[in-house]
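One structure is given here, and the rest of the page talks about it.
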Amino acid sequence: MTTHVSAITDETTRVFTWEEGARIEVRNLGGEIVIEANAAGLKTLAGHLLTLAQDGTPDGAHLHLEENNGLEDGSASLVLERCDDE
């Protein structure tokens with residue numbers, strides 16, 4: 001089963017998809033952040049980033065991933081955000 005989440009930003013709908021069996025864990029090791037994922041989890045993260053990179057996606061569009069919301073128990077929170085400012 002694949003999970004789809006739709007987000008509307010500035011009247012633009014973006015669909016974020018989780019691959020079946022995706023497992024993603026984020027650990028904060030002090031000076032280093034580790035994102036550990038199985039193949040389905042890596043595909044899921046890649047898809048999220050490509051969704052944010054789509055033409056028409058506004059600056060500041062973002063997705064929150066947290067424990068029990070896309071990440072494994074015990075994970076640190078992760079925000080993926082588009083920023084077009086240079």
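Every chain in the structure tokens takes a letter, A first, then B, and so on in the order presented; its residues are numbered from 1, and the ligands are numbered from 1 following the presented order.
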>> According to DSSP computed on the backbone, where in chain A is there alpha helix (DSSP H)? Give the residues as a list in words.
In response: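 Taking chain A and keeping alpha helix (DSSP H) only, one gets Ala39, Ala40, Gly41, Leu42, Lys43, Thr44, Leu45, Ala46, Gly47, His48, Leu49, Leu50, Thr51, Leu52 and Ala53 of chain A.
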>> Need the shell around Cys83 in chain A: protein/DNA/RNA residues with any atom at most 9 Å away, counting only C-alpha atoms. Skip same-chain ones fewer than 4 positions apart. Format as an NGL selection string?
In response: :A and (58-61)
Written file, previous selection with N, CA and C atoms, as a short mmCIF file (atom, residue, chain, number, x, y, z; two decimals), in the first residue's frame:
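Listed below is the output, result_1.cif:
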data_model
loop_
_atom_site.label_atom_id
_atom_site.label_comp_id
_atom_site.auth_asym_id
_atom_site.auth_seq_id
_atom_site.Cartn_x
_atom_site.Cartn_y
_atom_site.Cartn_z
N PRO A 58 5.87 27.22 -4.61
CA PRO A 58 6.33 28.51 -4.09
C PRO A 58 7.48 28.39 -3.10
N ASP A 59 8.25 29.45 -3.02
CA ASP A 59 9.30 29.58 -2.03
C ASP A 59 8.68 29.42 -0.65
N GLY A 60 9.32 28.65 0.21
CA GLY A 60 8.81 28.44 1.56
C GLY A 60 7.92 27.23 1.71
N ALA A 61 7.52 26.58 0.60
CA ALA A 61 6.73 25.34 0.70
C ALA A 61 7.57 24.31 1.44
#
> Tell me, which residues of chain A carry DSSP strand (DSSP E), written as a PyMOL selection string?
Replying inline: chain A and resi 3-9+12-18+24-28+33-37+62-67+70-71+78-81
Save the residues we just selected, N, CA and C atoms, as a tab-separated table (two decimals), in the first residue's frame?
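Writing the result to part_18.tsv gives the following:
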chain	number	residue	atom	x	y	z
A	3	THR	N	0.97	5.44	0.48
A	3	THR	CA	0.25	6.52	1.14
A	3	THR	C	0.50	7.82	0.39
A	4	HIS	N	-0.57	8.57	0.12
A	4	HIS	CA	-0.47	9.86	-0.54
A	4	HIS	C	-0.97	10.94	0.40
A	5	VAL	N	-0.25	12.05	0.46
A	5	VAL	CA	-0.69	13.21	1.24
A	5	VAL	C	-0.68	14.40	0.30
A	6	SER	N	-1.79	15.10	0.23
A	6	SER	CA	-1.88	16.29	-0.60
A	6	SER	C	-1.68	17.53	0.26
A	7	ALA	N	-0.92	18.47	-0.24
A	7	ALA	CA	-0.70	19.75	0.44
A	7	ALA	C	-1.00	20.86	-0.54
A	8	ILE	N	-1.73	21.86	-0.10
A	8	ILE	CA	-2.07	22.98	-0.96
A	8	ILE	C	-1.33	24.21	-0.46
A	9	THR	N	-0.52	24.80	-1.33
A	9	THR	CA	0.23	26.00	-1.01
A	9	THR	C	0.01	27.00	-2.13
A	12	THR	N	-1.76	25.76	-5.09
A	12	THR	CA	-1.10	24.72	-5.87
A	12	THR	C	-1.10	23.45	-5.03
A	13	THR	N	-1.66	22.37	-5.59
A	13	THR	CA	-1.70	21.10	-4.86
A	13	THR	C	-0.46	20.29	-5.18
A	14	ARG	N	0.18	19.81	-4.15
A	14	ARG	CA	1.34	18.92	-4.29
A	14	ARG	C	1.01	17.63	-3.56
A	15	VAL	N	1.35	16.50	-4.16
A	15	VAL	CA	1.07	15.19	-3.56
A	15	VAL	C	2.40	14.56	-3.14
A	16	PHE	N	2.50	14.24	-1.85
A	16	PHE	CA	3.67	13.57	-1.30
A	16	PHE	C	3.31	12.11	-1.10
A	17	THR	N	4.14	11.21	-1.63
A	17	THR	CA	3.84	9.78	-1.63
A	17	THR	C	4.87	9.01	-0.82
A	18	TRP	N	4.37	8.09	0.01
A	18	TRP	CA	5.23	7.17	0.76
A	18	TRP	C	5.17	5.82	0.08
A	24	ILE	N	12.16	5.26	7.54
A	24	ILE	CA	13.07	6.40	7.57
A	24	ILE	C	13.33	6.76	9.03
A	25	GLU	N	14.59	6.86	9.39
A	25	GLU	CA	14.96	7.27	10.75
A	25	GLU	C	15.94	8.43	10.66
A	26	VAL	N	15.73	9.45	11.47
A	26	VAL	CA	16.62	10.61	11.53
A	26	VAL	C	17.21	10.68	12.92
A	27	ARG	N	18.55	10.73	12.98
A	27	ARG	CA	19.25	10.80	14.27
A	27	ARG	C	20.12	12.06	14.31
A	28	ASN	N	20.07	12.74	15.43
A	28	ASN	CA	20.92	13.90	15.65
A	28	ASN	C	22.06	13.45	16.55
A	33	ILE	N	23.93	14.99	11.44
A	33	ILE	CA	22.58	14.43	11.29
A	33	ILE	C	22.69	13.20	10.40
A	34	VAL	N	22.11	12.10	10.82
A	34	VAL	CA	22.12	10.87	10.03
A	34	VAL	C	20.69	10.56	9.62
A	35	ILE	N	20.49	10.38	8.32
A	35	ILE	CA	19.21	9.92	7.79
A	35	ILE	C	19.44	8.50	7.31
A	36	GLU	N	18.81	7.56	7.99
A	36	GLU	CA	18.95	6.14	7.67
A	36	GLU	C	17.62	5.65	7.12
A	37	ALA	N	17.65	4.98	5.97
A	37	ALA	CA	16.41	4.53	5.35
A	37	ALA	C	16.66	3.27	4.53
A	62	HIS	N	6.94	23.57	2.34
A	62	HIS	CA	7.72	22.64	3.16
A	62	HIS	C	6.88	21.46	3.61
A	63	LEU	N	7.55	20.45	4.10
A	63	LEU	CA	6.93	19.24	4.60
A	63	LEU	C	7.60	18.87	5.91
A	64	HIS	N	6.80	18.67	6.95
A	64	HIS	CA	7.31	18.26	8.26
A	64	HIS	C	7.25	16.74	8.36
A	65	LEU	N	8.36	16.11	8.69
A	65	LEU	CA	8.40	14.68	8.97
A	65	LEU	C	8.79	14.53	10.43
A	66	GLU	N	8.01	13.74	11.16
A	66	GLU	CA	8.24	13.58	12.58
A	66	GLU	C	8.00	12.14	12.97
A	67	GLU	N	8.39	11.81	14.18
A	67	GLU	CA	8.09	10.50	14.75
A	67	GLU	C	6.57	10.31	14.64
A	70	GLY	N	5.61	9.72	9.43
A	70	GLY	CA	6.54	9.45	8.35
A	70	GLY	C	7.90	8.95	8.78
A	71	LEU	N	8.26	9.14	10.06
A	71	LEU	CA	9.56	8.69	10.55
A	71	LEU	C	9.40	7.63	11.62
A	78	LEU	N	12.31	16.32	11.06
A	78	LEU	CA	12.98	16.76	9.84
A	78	LEU	C	12.02	17.61	9.04
A	79	VAL	N	12.48	18.77	8.58
A	79	VAL	CA	11.66	19.62	7.72
A	79	VAL	C	12.37	19.73	6.38
A	80	LEU	N	11.65	19.44	5.31
A	80	LEU	CA	12.15	19.63	3.95
A	80	LEU	C	11.50	20.90	3.44
A	81	GLU	N	12.29	21.90	3.06
A	81	GLU	CA	11.73	23.19	2.67
A	81	GLU	C	12.39	23.72	1.42
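Across the model, the gap from CA of Glu19 in chain A to CA of Thr44 in chain A is 5.7 Å.
Proximity ranking of A:Thr57, A:Thr51, A:Ser75, A:Asn69 relative to Leu29 in chain A places A:Ser75 first, based on only C-alpha atoms.
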> Which value, in Å to one decimal, gives the distance between CA of Leu49 in chain A and CA of Glu32 in chain A?
Replying inline: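 The value is 20.5 Å.
For the pair CA of Ala46 in chain A and CA of Gly30 in chain A, the separation is 24.6 Å.
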>> Need to verify the contact set: Ala40 in chain A, 7 Å, only C-alpha atoms, exclusion of same-chain residues closer than 2 positions in sequence. Can you return it as number ranges by chain?
In response: A: 19-23, 38, 42-44
Can you write just those residues out, N, CA and C atoms, as a compact mmCIF listing (two decimals), in the first residue's frame?
# COMPACT_ATOMS: atom_id res chain seq x y z
N GLU A 19 6.32 5.27 -0.26
CA GLU A 19 6.40 3.94 -0.84
C GLU A 19 6.01 2.89 0.20
N GLU A 20 5.44 1.81 -0.27
CA GLU A 20 5.08 0.72 0.64
C GLU A 20 6.32 0.20 1.35
N GLY A 21 6.22 0.04 2.65
CA GLY A 21 7.34 -0.50 3.44
C GLY A 21 8.43 0.50 3.74
N ALA A 22 8.19 1.78 3.45
CA ALA A 22 9.23 2.80 3.69
C ALA A 22 9.57 2.88 5.17
N ARG A 23 10.85 2.93 5.45
CA ARG A 23 11.33 3.10 6.82
C ARG A 23 12.40 4.18 6.78
N ASN A 38 15.59 2.47 4.41
CA ASN A 38 15.67 1.34 3.49
C ASN A 38 15.42 1.87 2.07
N LEU A 42 14.30 5.64 0.97
CA LEU A 42 15.11 6.54 0.14
C LEU A 42 14.31 7.02 -1.07
N LYS A 43 13.54 6.13 -1.68
CA LYS A 43 12.68 6.53 -2.81
C LYS A 43 11.63 7.53 -2.34
N THR A 44 11.10 7.32 -1.15
CA THR A 44 10.11 8.24 -0.59
C THR A 44 10.72 9.63 -0.40
